[in-house]
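Data first, discussion second: the structure below is written as structure tokens.
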Amino acid sequence: PAIVSPAYNWSGFYVGAMGGYGWGTNAGSGGFGGGTVGYNWQLPGSQFVFGVEVDAAGASIKDSFSVEDQGVVAFQDSKISSFGSVTGRAGFAMDAVLLYAKGGFAWGNNKTTVSIPAFPVTSSDSHTHTGYTLGGGIEYMFAPNWSAKGEYMFTSLGSETYNLLGDQLPSGTIDFHTIK
């Protein structure tokens, strides 16, 4: 029997723009926008697609809370200002539709600020956290060399120690979800 090649071929280099919304129980919520580059391989006659993808985004994913102790209120604000990933991608092509899963290395820049207005003091510290990301999505090739995709990702970034008001405070892991 003859092997019939799929009508669409997902192989090749690509570049694109992306944006979306992120949220987490210890990361707050907010929007982001950035870019992505990658490369896909689809073997002749196969529906399986494998690839590598790199993305980076400027973000405004913010979280705030306050603590009161004996009438003195302290405020803490954290903001993920950028994040990105380097991931492997594996998918199954159905002509113009590609269903895929992906995962790999992730990073994020976070700034934490603590302020106590009653004693007019403020302290800030920033760190780059590293960890992993996992997720998947669906991509649709609507014209030759043009596609659009929707994607969900879970990201977990490891703890860093912040120097705030003279204390060394561990951040704990920063876990967040994104829809792109």
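Order determines the names: the first chain of the structure tokens is A, the second B, and so forth; residues in each chain are numbered 1 upward, and ligands are numbered 1 upward as they are shown.
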Neighbour list for segment 130-145 of chain A as a PDB file with N, CA, C and O atoms, in the first residue's frame, cut-off 6 Å, only C-alpha atoms, skip fewer than 2 positions in-chain:
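Written file, selection.pdb:
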```
ATOM      1  N   ALA A  96      -5.013  20.642   8.981  1.00  0.00           N
ATOM      2  CA  ALA A  96      -4.738  22.026   9.389  1.00  0.00           C
ATOM      3  C   ALA A  96      -4.783  22.232  10.902  1.00  0.00           C
ATOM      4  O   ALA A  96      -4.528  23.321  11.386  1.00  0.00           O
ATOM      5  N   VAL A  97      -5.091  21.189  11.666  1.00  0.00           N
ATOM      6  CA  VAL A  97      -5.182  21.291  13.128  1.00  0.00           C
ATOM      7  C   VAL A  97      -4.058  20.489  13.772  1.00  0.00           C
ATOM      8  O   VAL A  97      -3.809  19.350  13.391  1.00  0.00           O
ATOM      9  N   LEU A  98      -3.399  21.096  14.748  1.00  0.00           N
ATOM     10  CA  LEU A  98      -2.330  20.439  15.497  1.00  0.00           C
ATOM     11  C   LEU A  98      -2.671  20.486  16.985  1.00  0.00           C
ATOM     12  O   LEU A  98      -2.814  21.563  17.557  1.00  0.00           O
ATOM     13  N   LEU A  99      -2.841  19.312  17.594  1.00  0.00           N
ATOM     14  CA  LEU A  99      -3.010  19.196  19.042  1.00  0.00           C
ATOM     15  C   LEU A  99      -1.639  18.880  19.612  1.00  0.00           C
ATOM     16  O   LEU A  99      -0.953  17.992  19.102  1.00  0.00           O
ATOM     17  N   TYR A 100      -1.222  19.584  20.675  1.00  0.00           N
ATOM     18  CA  TYR A 100       0.128  19.365  21.186  1.00  0.00           C
ATOM     19  C   TYR A 100       0.210  19.500  22.701  1.00  0.00           C
ATOM     20  O   TYR A 100      -0.618  20.132  23.345  1.00  0.00           O
ATOM     21  N   ALA A 101       1.254  18.883  23.241  1.00  0.00           N
ATOM     22  CA  ALA A 101       1.656  19.031  24.640  1.00  0.00           C
ATOM     23  C   ALA A 101       3.067  19.585  24.623  1.00  0.00           C
ATOM     24  O   ALA A 101       3.818  19.364  23.664  1.00  0.00           O
ATOM     25  N   LYS A 102       3.426  20.321  25.671  1.00  0.00           N
ATOM     26  CA  LYS A 102       4.781  20.855  25.732  1.00  0.00           C
ATOM     27  C   LYS A 102       5.212  21.010  27.180  1.00  0.00           C
ATOM     28  O   LYS A 102       4.384  21.065  28.084  1.00  0.00           O
ATOM     29  N   GLY A 103       6.517  21.078  27.380  1.00  0.00           N
ATOM     30  CA  GLY A 103       7.042  21.252  28.724  1.00  0.00           C
ATOM     31  C   GLY A 103       8.537  21.501  28.687  1.00  0.00           C
ATOM     32  O   GLY A 103       9.207  21.173  27.706  1.00  0.00           O
ATOM     33  N   GLY A 104       9.050  22.115  29.756  1.00  0.00           N
ATOM     34  CA  GLY A 104      10.477  22.365  29.841  1.00  0.00           C
ATOM     35  C   GLY A 104      10.832  23.400  30.885  1.00  0.00           C
ATOM     36  O   GLY A 104      10.118  23.595  31.875  1.00  0.00           O
ATOM     37  N   PHE A 105      11.935  24.100  30.649  1.00  0.00           N
ATOM     38  CA  PHE A 105      12.515  25.085  31.563  1.00  0.00           C
ATOM     39  C   PHE A 105      11.733  26.396  31.524  1.00  0.00           C
ATOM     40  O   PHE A 105      11.309  26.844  30.458  1.00  0.00           O
ATOM     41  N   ALA A 106      11.567  27.012  32.709  1.00  0.00           N
ATOM     42  CA  ALA A 106      10.886  28.312  32.792  1.00  0.00           C
ATOM     43  C   ALA A 106      11.647  29.236  33.730  1.00  0.00           C
ATOM     44  O   ALA A 106      12.360  28.773  34.632  1.00  0.00           O
ATOM     45  N   TRP A 107      11.476  30.534  33.515  1.00  0.00           N
ATOM     46  CA  TRP A 107      12.073  31.542  34.389  1.00  0.00           C
ATOM     47  C   TRP A 107      11.078  32.693  34.546  1.00  0.00           C
ATOM     48  O   TRP A 107      10.169  32.864  33.738  1.00  0.00           O
ATOM     49  N   SER A 147      -0.568  30.557  11.095  1.00  0.00           N
ATOM     50  CA  SER A 147      -1.384  29.777  12.023  1.00  0.00           C
ATOM     51  C   SER A 147      -1.703  30.617  13.256  1.00  0.00           C
ATOM     52  O   SER A 147      -1.086  31.649  13.501  1.00  0.00           O
ATOM     53  N   ALA A 148      -2.680  30.154  14.019  1.00  0.00           N
ATOM     54  CA  ALA A 148      -3.060  30.762  15.296  1.00  0.00           C
ATOM     55  C   ALA A 148      -3.234  29.628  16.291  1.00  0.00           C
ATOM     56  O   ALA A 148      -3.603  28.508  15.916  1.00  0.00           O
ATOM     57  N   LYS A 149      -2.919  29.908  17.554  1.00  0.00           N
ATOM     58  CA  LYS A 149      -3.056  28.850  18.548  1.00  0.00           C
ATOM     59  C   LYS A 149      -3.587  29.383  19.865  1.00  0.00           C
ATOM     60  O   LYS A 149      -3.470  30.570  20.166  1.00  0.00           O
ATOM     61  N   GLY A 150      -4.175  28.493  20.619  1.00  0.00           N
ATOM     62  CA  GLY A 150      -4.601  28.747  21.991  1.00  0.00           C
ATOM     63  C   GLY A 150      -3.860  27.762  22.869  1.00  0.00           C
ATOM     64  O   GLY A 150      -3.697  26.591  22.510  1.00  0.00           O
ATOM     65  N   GLU A 151      -3.393  28.241  24.026  1.00  0.00           N
ATOM     66  CA  GLU A 151      -2.511  27.400  24.837  1.00  0.00           C
ATOM     67  C   GLU A 151      -2.723  27.664  26.323  1.00  0.00           C
ATOM     68  O   GLU A 151      -2.876  28.813  26.745  1.00  0.00           O
ATOM     69  N   TYR A 152      -2.717  26.584  27.120  1.00  0.00           N
ATOM     70  CA  TYR A 152      -2.719  26.662  28.583  1.00  0.00           C
ATOM     71  C   TYR A 152      -1.366  26.155  29.083  1.00  0.00           C
ATOM     72  O   TYR A 152      -0.874  25.131  28.603  1.00  0.00           O
ATOM     73  N   MET A 153      -0.770  26.872  30.066  1.00  0.00           N
ATOM     74  CA  MET A 153       0.487  26.420  30.676  1.00  0.00           C
ATOM     75  C   MET A 153       0.410  26.582  32.191  1.00  0.00           C
ATOM     76  O   MET A 153      -0.124  27.574  32.693  1.00  0.00           O
ATOM     77  N   PHE A 154       0.984  25.608  32.919  1.00  0.00           N
ATOM     78  CA  PHE A 154       1.210  25.718  34.360  1.00  0.00           C
ATOM     79  C   PHE A 154       2.707  25.927  34.544  1.00  0.00           C
ATOM     80  O   PHE A 154       3.510  25.199  33.960  1.00  0.00           O
ATOM     81  N   THR A 155       3.079  26.920  35.365  1.00  0.00           N
ATOM     82  CA  THR A 155       4.488  27.212  35.615  1.00  0.00           C
ATOM     83  C   THR A 155       4.747  27.177  37.109  1.00  0.00           C
ATOM     84  O   THR A 155       3.975  27.741  37.895  1.00  0.00           O
ATOM     85  N   SER A 156       5.841  26.516  37.514  1.00  0.00           N
ATOM     86  CA  SER A 156       6.258  26.463  38.909  1.00  0.00           C
ATOM     87  C   SER A 156       7.702  26.935  38.989  1.00  0.00           C
ATOM     88  O   SER A 156       8.604  26.312  38.414  1.00  0.00           O
ATOM     89  N   LEU A 157       7.909  28.046  39.709  1.00  0.00           N
ATOM     90  CA  LEU A 157       9.234  28.634  39.852  1.00  0.00           C
ATOM     91  C   LEU A 157       9.714  28.444  41.287  1.00  0.00           C
ATOM     92  O   LEU A 157       8.959  28.681  42.234  1.00  0.00           O
ATOM     93  N   GLY A 158      10.971  28.050  41.458  1.00  0.00           N
ATOM     94  CA  GLY A 158      11.539  27.769  42.777  1.00  0.00           C
ATOM     95  C   GLY A 158      11.678  29.001  43.650  1.00  0.00           C
ATOM     96  O   GLY A 158      11.682  30.138  43.183  1.00  0.00           O
TER      97      GLY A 158
END
```
Determine, using only C-alpha atoms, which residues of segment 3-105 of chain A have any atom at most 12 Å from an atom of segment 159-169 of chain A, and tabulate each with its shortest atom pair and distance in Å to one decimal place, rows ordered by chain and then rising number, as JSON lines.
```
{"residue": "A:Asn26", "atom": "CA", "partner": "A:Ser159", "partner_atom": "CA", "distance": 11.8}
{"residue": "A:Ala74", "atom": "CA", "partner": "A:Leu165", "partner_atom": "CA", "distance": 11.4}
{"residue": "A:Gln76", "atom": "CA", "partner": "A:Leu164", "partner_atom": "CA", "distance": 10.2}
{"residue": "A:Asp77", "atom": "CA", "partner": "A:Leu164", "partner_atom": "CA", "distance": 11.8}
{"residue": "A:Ser78", "atom": "CA", "partner": "A:Tyr162", "partner_atom": "CA", "distance": 11.4}
```
Those residues with N, CA, C and O atoms, as a compact mmCIF listing (two decimals), in the first residue's frame please?
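Saved the output as out_30.txt:
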```
# COMPACT_ATOMS: atom_id res chain seq x y z
N ASN A 26 -0.43 32.21 44.68
CA ASN A 26 0.61 33.00 45.34
C ASN A 26 1.34 33.89 44.34
O ASN A 26 2.45 34.33 44.60
N ALA A 74 1.17 46.45 57.72
CA ALA A 74 2.25 46.28 56.75
C ALA A 74 1.64 45.79 55.44
O ALA A 74 0.72 44.97 55.45
N GLN A 76 2.41 44.18 51.50
CA GLN A 76 3.38 43.49 50.64
C GLN A 76 2.81 43.41 49.23
O GLN A 76 1.67 43.00 49.05
N ASP A 77 3.62 43.83 48.27
CA ASP A 77 3.26 43.75 46.85
C ASP A 77 4.31 42.92 46.14
O ASP A 77 5.51 43.10 46.37
N SER A 78 3.87 42.03 45.28
CA SER A 78 4.78 41.24 44.43
C SER A 78 4.32 41.38 42.99
O SER A 78 3.11 41.41 42.72
```
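Shell of Phe83 of chain A at 6 Å, with only C-alpha atoms counted and residues fewer than 6 places along the chain excluded, is Ala56, Ala57, Trp107 and Gly108 of chain A.
Closest to Gly88 of chain A among A:Ala59, A:Val49, A:Val67, A:Lys111 is A:Val49, based on only C-alpha atoms.
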Residues within 6 Å of Ser81 of chain A, only C-alpha atoms, excluding chain neighbours under 5 positions, as JSON, numbers by chain: {"A": [58, 59, 60, 109]}
If you count only C-alpha atoms, the residue of A:Ser124, A:Thr25, A:Asn9, A:Ser82 closest to Asn40 of chain A turns out to be A:Asn9
What's around Val73 of chain A at 12 Å? Count only C-alpha atoms, leave out sequence neighbours fewer than 2 positions away in its own chain, and write the answer as a ChimeraX atom specification. /A:65-71,75-76,114-121
Output all heavy atoms for every residue in the selection just made, as a short mmCIF file (atom, residue, chain, number, x, y, z; two decimals), in the first residue's frame.
```
data_model
loop_
_atom_site.label_atom_id
_atom_site.label_comp_id
_atom_site.auth_asym_id
_atom_site.auth_seq_id
_atom_site.Cartn_x
_atom_site.Cartn_y
_atom_site.Cartn_z
N PHE A 65 -1.15 42.09 49.52
CA PHE A 65 -1.90 41.79 50.73
C PHE A 65 -1.35 42.63 51.87
O PHE A 65 -0.28 43.23 51.76
CB PHE A 65 -1.88 40.29 51.07
CG PHE A 65 -0.54 39.75 51.46
CD1 PHE A 65 -0.14 39.74 52.79
CD2 PHE A 65 0.32 39.23 50.51
CE1 PHE A 65 1.09 39.23 53.16
CE2 PHE A 65 1.54 38.72 50.86
CZ PHE A 65 1.93 38.72 52.19
N SER A 66 -2.12 42.70 52.96
CA SER A 66 -1.70 43.46 54.12
C SER A 66 -1.84 42.60 55.37
O SER A 66 -2.62 41.65 55.40
CB SER A 66 -2.53 44.73 54.26
OG SER A 66 -3.89 44.42 54.42
N VAL A 67 -1.04 42.96 56.39
CA VAL A 67 -1.05 42.26 57.67
C VAL A 67 -1.12 43.33 58.76
O VAL A 67 -0.40 44.34 58.69
CB VAL A 67 0.23 41.40 57.85
CG1 VAL A 67 0.26 40.75 59.22
CG2 VAL A 67 0.35 40.37 56.76
N GLU A 68 -1.98 43.11 59.74
CA GLU A 68 -2.08 44.05 60.86
C GLU A 68 -1.65 43.36 62.14
O GLU A 68 -2.07 42.24 62.42
CB GLU A 68 -3.51 44.57 61.01
CG GLU A 68 -3.64 45.60 62.11
CD GLU A 68 -5.05 46.14 62.26
OE1 GLU A 68 -5.87 45.93 61.35
OE2 GLU A 68 -5.31 46.78 63.27
N ASP A 69 -0.79 44.03 62.91
CA ASP A 69 -0.33 43.51 64.20
C ASP A 69 -0.30 44.66 65.18
O ASP A 69 0.46 45.63 65.00
CB ASP A 69 1.07 42.88 64.06
CG ASP A 69 1.54 42.21 65.34
OD1 ASP A 69 0.70 41.96 66.23
OD2 ASP A 69 2.74 41.94 65.45
N GLN A 70 -1.14 44.60 66.20
CA GLN A 70 -1.25 45.62 67.25
C GLN A 70 -1.46 47.02 66.65
O GLN A 70 -0.82 47.99 67.06
CB GLN A 70 -0.02 45.59 68.16
CG GLN A 70 0.14 44.28 68.88
CD GLN A 70 1.38 44.22 69.75
OE1 GLN A 70 2.05 45.21 69.98
NE2 GLN A 70 1.66 43.03 70.25
N GLY A 71 -2.32 47.12 65.65
CA GLY A 71 -2.67 48.39 65.05
C GLY A 71 -1.72 48.90 64.00
O GLY A 71 -1.96 49.93 63.38
N PHE A 75 2.15 46.32 54.33
CA PHE A 75 1.67 45.94 53.00
C PHE A 75 2.79 45.22 52.25
O PHE A 75 3.95 45.60 52.35
CB PHE A 75 1.26 47.18 52.20
CG PHE A 75 0.13 47.93 52.82
CD1 PHE A 75 0.38 48.99 53.69
CD2 PHE A 75 -1.18 47.59 52.56
CE1 PHE A 75 -0.67 49.69 54.27
CE2 PHE A 75 -2.23 48.28 53.14
CZ PHE A 75 -1.97 49.33 54.00
N GLN A 76 2.41 44.18 51.50
CA GLN A 76 3.38 43.49 50.64
C GLN A 76 2.81 43.41 49.23
O GLN A 76 1.67 43.00 49.05
CB GLN A 76 3.70 42.09 51.15
CG GLN A 76 4.71 41.38 50.24
CD GLN A 76 5.18 40.05 50.79
OE1 GLN A 76 5.21 39.84 51.98
NE2 GLN A 76 5.53 39.14 49.89
N VAL A 114 7.85 45.60 50.53
CA VAL A 114 7.17 45.64 51.82
C VAL A 114 7.20 47.08 52.31
O VAL A 114 8.25 47.73 52.26
CB VAL A 114 7.85 44.70 52.85
CG1 VAL A 114 7.25 44.89 54.24
CG2 VAL A 114 7.73 43.26 52.42
N SER A 115 6.06 47.58 52.78
CA SER A 115 6.02 48.94 53.32
C SER A 115 5.20 48.97 54.61
O SER A 115 4.22 48.22 54.75
CB SER A 115 5.44 49.91 52.30
OG SER A 115 4.12 49.56 51.96
N ILE A 116 5.63 49.83 55.53
CA ILE A 116 4.93 50.05 56.79
C ILE A 116 4.73 51.57 56.90
O ILE A 116 5.63 52.29 57.34
CB ILE A 116 5.71 49.50 57.99
CG1 ILE A 116 6.03 48.01 57.78
CG2 ILE A 116 4.91 49.69 59.29
CD1 ILE A 116 6.96 47.42 58.82
N PRO A 117 3.58 52.07 56.46
CA PRO A 117 3.35 53.52 56.43
C PRO A 117 3.48 54.20 57.79
O PRO A 117 3.91 55.35 57.87
CB PRO A 117 1.93 53.65 55.89
CG PRO A 117 1.70 52.39 55.13
CD PRO A 117 2.48 51.34 55.86
N ALA A 118 3.14 53.51 58.90
CA ALA A 118 3.21 54.12 60.23
C ALA A 118 4.63 54.51 60.62
O ALA A 118 4.84 55.41 61.42
CB ALA A 118 2.62 53.17 61.27
N PHE A 119 5.61 53.81 60.07
CA PHE A 119 7.02 54.10 60.37
C PHE A 119 7.76 54.59 59.13
O PHE A 119 8.96 54.44 59.06
CB PHE A 119 7.73 52.83 60.88
CG PHE A 119 7.15 52.28 62.13
CD1 PHE A 119 6.52 51.04 62.13
CD2 PHE A 119 7.19 52.99 63.32
CE1 PHE A 119 5.97 50.52 63.29
CE2 PHE A 119 6.64 52.48 64.47
CZ PHE A 119 6.03 51.24 64.47
N PRO A 120 7.11 55.21 58.20
CA PRO A 120 7.49 55.43 56.81
C PRO A 120 8.74 54.67 56.33
O PRO A 120 9.79 55.27 56.08
CB PRO A 120 7.66 56.93 56.67
CG PRO A 120 7.75 57.50 58.03
CD PRO A 120 7.16 56.46 58.96
N VAL A 121 8.62 53.33 56.26
CA VAL A 121 9.71 52.50 55.72
C VAL A 121 9.19 51.67 54.56
O VAL A 121 8.04 51.22 54.57
CB VAL A 121 10.34 51.57 56.78
CG1 VAL A 121 11.04 52.37 57.86
CG2 VAL A 121 9.32 50.64 57.39
#
```
Would you return as a list in words the members of segment 116-149 of chain A that DSSP assigns to strand (DSSP E) on this structure's backbone? Ile116, Val121, Thr122, Ser123, Ser124, Asp125, Ser126, His127, Thr128, His129, Thr130, Gly131, Tyr132, Thr133, Leu134, Gly135, Gly136, Gly137, Ile138, Glu139, Tyr140, Met141, Phe142, Ala143, Trp146, Ser147, Ala148 and Lys149 of chain A
Just write the chosen residues, N, CA, C and O atoms, as a compact mmCIF listing (two decimals), in the first residue's frame.
```txt
# COMPACT_ATOMS: atom_id res chain seq x y z
N ILE A 116 5.63 49.83 55.53
CA ILE A 116 4.93 50.05 56.79
C ILE A 116 4.73 51.57 56.90
O ILE A 116 5.63 52.29 57.34
N VAL A 121 8.62 53.33 56.26
CA VAL A 121 9.71 52.50 55.72
C VAL A 121 9.19 51.67 54.56
O VAL A 121 8.04 51.22 54.57
N THR A 122 10.04 51.50 53.57
CA THR A 122 9.74 50.67 52.40
C THR A 122 11.01 49.92 52.04
O THR A 122 12.11 50.47 52.11
N SER A 123 10.85 48.67 51.63
CA SER A 123 11.99 47.85 51.23
C SER A 123 11.57 47.00 50.03
O SER A 123 10.48 46.43 50.03
N SER A 124 12.45 46.93 49.03
CA SER A 124 12.18 46.13 47.82
C SER A 124 13.37 45.26 47.49
O SER A 124 14.52 45.61 47.78
N ASP A 125 13.09 44.13 46.85
CA ASP A 125 14.14 43.25 46.35
C ASP A 125 13.59 42.51 45.14
O ASP A 125 12.39 42.21 45.08
N SER A 126 14.45 42.23 44.17
CA SER A 126 14.05 41.52 42.94
C SER A 126 14.93 40.29 42.75
O SER A 126 16.12 40.31 43.08
N HIS A 127 14.34 39.26 42.18
CA HIS A 127 15.08 38.03 41.86
C HIS A 127 14.53 37.39 40.59
O HIS A 127 13.35 37.54 40.27
N THR A 128 15.39 36.65 39.92
CA THR A 128 14.97 35.78 38.82
C THR A 128 14.81 34.38 39.39
O THR A 128 15.75 33.83 39.96
N HIS A 129 13.63 33.84 39.26
CA HIS A 129 13.32 32.49 39.72
C HIS A 129 13.38 31.55 38.52
O HIS A 129 13.05 31.96 37.40
N THR A 130 13.76 30.31 38.73
CA THR A 130 13.77 29.31 37.66
C THR A 130 12.96 28.09 38.10
O THR A 130 12.80 27.83 39.29
N GLY A 131 12.46 27.36 37.11
CA GLY A 131 11.68 26.17 37.40
C GLY A 131 11.26 25.47 36.13
O GLY A 131 12.03 25.38 35.17
N TYR A 132 10.01 25.02 36.09
CA TYR A 132 9.51 24.27 34.93
C TYR A 132 8.13 24.75 34.53
O TYR A 132 7.44 25.42 35.30
N THR A 133 7.74 24.38 33.32
CA THR A 133 6.40 24.67 32.82
C THR A 133 5.89 23.46 32.03
O THR A 133 6.67 22.76 31.38
N LEU A 134 4.58 23.21 32.12
CA LEU A 134 3.91 22.10 31.43
C LEU A 134 2.56 22.57 30.92
O LEU A 134 1.89 23.35 31.59
N GLY A 135 2.15 22.06 29.78
CA GLY A 135 0.83 22.42 29.26
C GLY A 135 0.60 21.89 27.87
O GLY A 135 1.23 20.92 27.43
N GLY A 136 -0.29 22.56 27.16
CA GLY A 136 -0.61 22.13 25.81
C GLY A 136 -1.58 23.06 25.15
O GLY A 136 -2.01 24.07 25.74
N GLY A 137 -1.89 22.74 23.91
CA GLY A 137 -2.81 23.60 23.19
C GLY A 137 -3.25 23.03 21.86
O GLY A 137 -3.00 21.86 21.54
N ILE A 138 -3.89 23.91 21.11
CA ILE A 138 -4.37 23.56 19.78
C ILE A 138 -3.95 24.70 18.83
O ILE A 138 -4.04 25.87 19.19
N GLU A 139 -3.46 24.31 17.66
CA GLU A 139 -3.02 25.29 16.67
C GLU A 139 -3.74 25.00 15.36
O GLU A 139 -3.95 23.84 15.00
N TYR A 140 -4.11 26.07 14.65
CA TYR A 140 -4.83 25.93 13.40
C TYR A 140 -4.09 26.69 12.30
O TYR A 140 -3.82 27.88 12.44
N MET A 141 -3.74 25.99 11.21
CA MET A 141 -3.07 26.61 10.06
C MET A 141 -4.16 27.12 9.11
O MET A 141 -4.79 26.35 8.40
N PHE A 142 -4.40 28.44 9.15
CA PHE A 142 -5.50 29.01 8.37
C PHE A 142 -5.09 29.45 6.97
O PHE A 142 -5.94 29.76 6.15
N ALA A 143 -3.79 29.50 6.69
CA ALA A 143 -3.27 29.81 5.35
C ALA A 143 -1.85 29.25 5.30
O ALA A 143 -1.24 29.03 6.34
N TRP A 146 0.81 30.46 7.88
CA TRP A 146 0.14 31.27 8.89
C TRP A 146 -0.72 30.38 9.78
O TRP A 146 -1.50 29.56 9.29
N SER A 147 -0.57 30.56 11.10
CA SER A 147 -1.38 29.78 12.02
C SER A 147 -1.70 30.62 13.26
O SER A 147 -1.09 31.65 13.50
N ALA A 148 -2.68 30.15 14.02
CA ALA A 148 -3.06 30.76 15.30
C ALA A 148 -3.23 29.63 16.29
O ALA A 148 -3.60 28.51 15.92
N LYS A 149 -2.92 29.91 17.55
CA LYS A 149 -3.06 28.85 18.55
C LYS A 149 -3.59 29.38 19.86
O LYS A 149 -3.47 30.57 20.17
```
Write out as a CSV table (one decimal) with N, CA, C and O atoms, in the first residue's frame the residues lying within 7 Å of Lys62 of chain A, counting only C-alpha atoms and excluding same-chain residues fewer than 3 positions away.
```
chain,number,residue,atom,x,y,z
A,27,ALA,N,0.7,34.2,43.2
A,27,ALA,CA,1.4,35.0,42.2
A,27,ALA,C,0.5,36.2,41.7
A,27,ALA,O,0.9,37.0,41.0
A,28,GLY,N,-0.7,36.2,42.2
A,28,GLY,CA,-1.7,37.3,41.8
A,28,GLY,C,-2.2,37.0,40.4
A,28,GLY,O,-2.3,35.8,40.0
A,29,SER,N,-2.5,38.1,39.7
A,29,SER,CA,-3.1,37.9,38.3
A,29,SER,C,-2.7,39.2,37.5
A,29,SER,O,-2.4,40.2,38.0
A,30,GLY,N,-2.8,39.0,36.2
A,30,GLY,CA,-2.6,40.1,35.3
A,30,GLY,C,-2.2,39.7,33.9
A,30,GLY,O,-2.2,38.5,33.6
A,78,SER,N,3.9,42.0,45.3
A,78,SER,CA,4.8,41.2,44.4
A,78,SER,C,4.3,41.4,43.0
A,78,SER,O,3.1,41.4,42.7
A,79,LYS,N,5.3,41.4,42.1
A,79,LYS,CA,4.9,41.6,40.7
A,79,LYS,C,5.9,40.8,39.8
A,79,LYS,O,7.1,41.0,39.9
A,80,ILE,N,5.4,39.9,39.0
A,80,ILE,CA,6.2,39.2,38.0
A,80,ILE,C,6.2,40.1,36.8
A,80,ILE,O,5.1,40.4,36.2
```
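You will find atom CA of Asn110 of chain A at 12.5 Å from atom CA of Phe176 of chain A.
For the pair atom CA of Gly84 of chain A and atom CA of Gly51 of chain A, the separation is 16.8 Å.
Note that atom CA of Lys180 of chain A and atom CA of Tyr21 of chain A are 6.8 Å apart.
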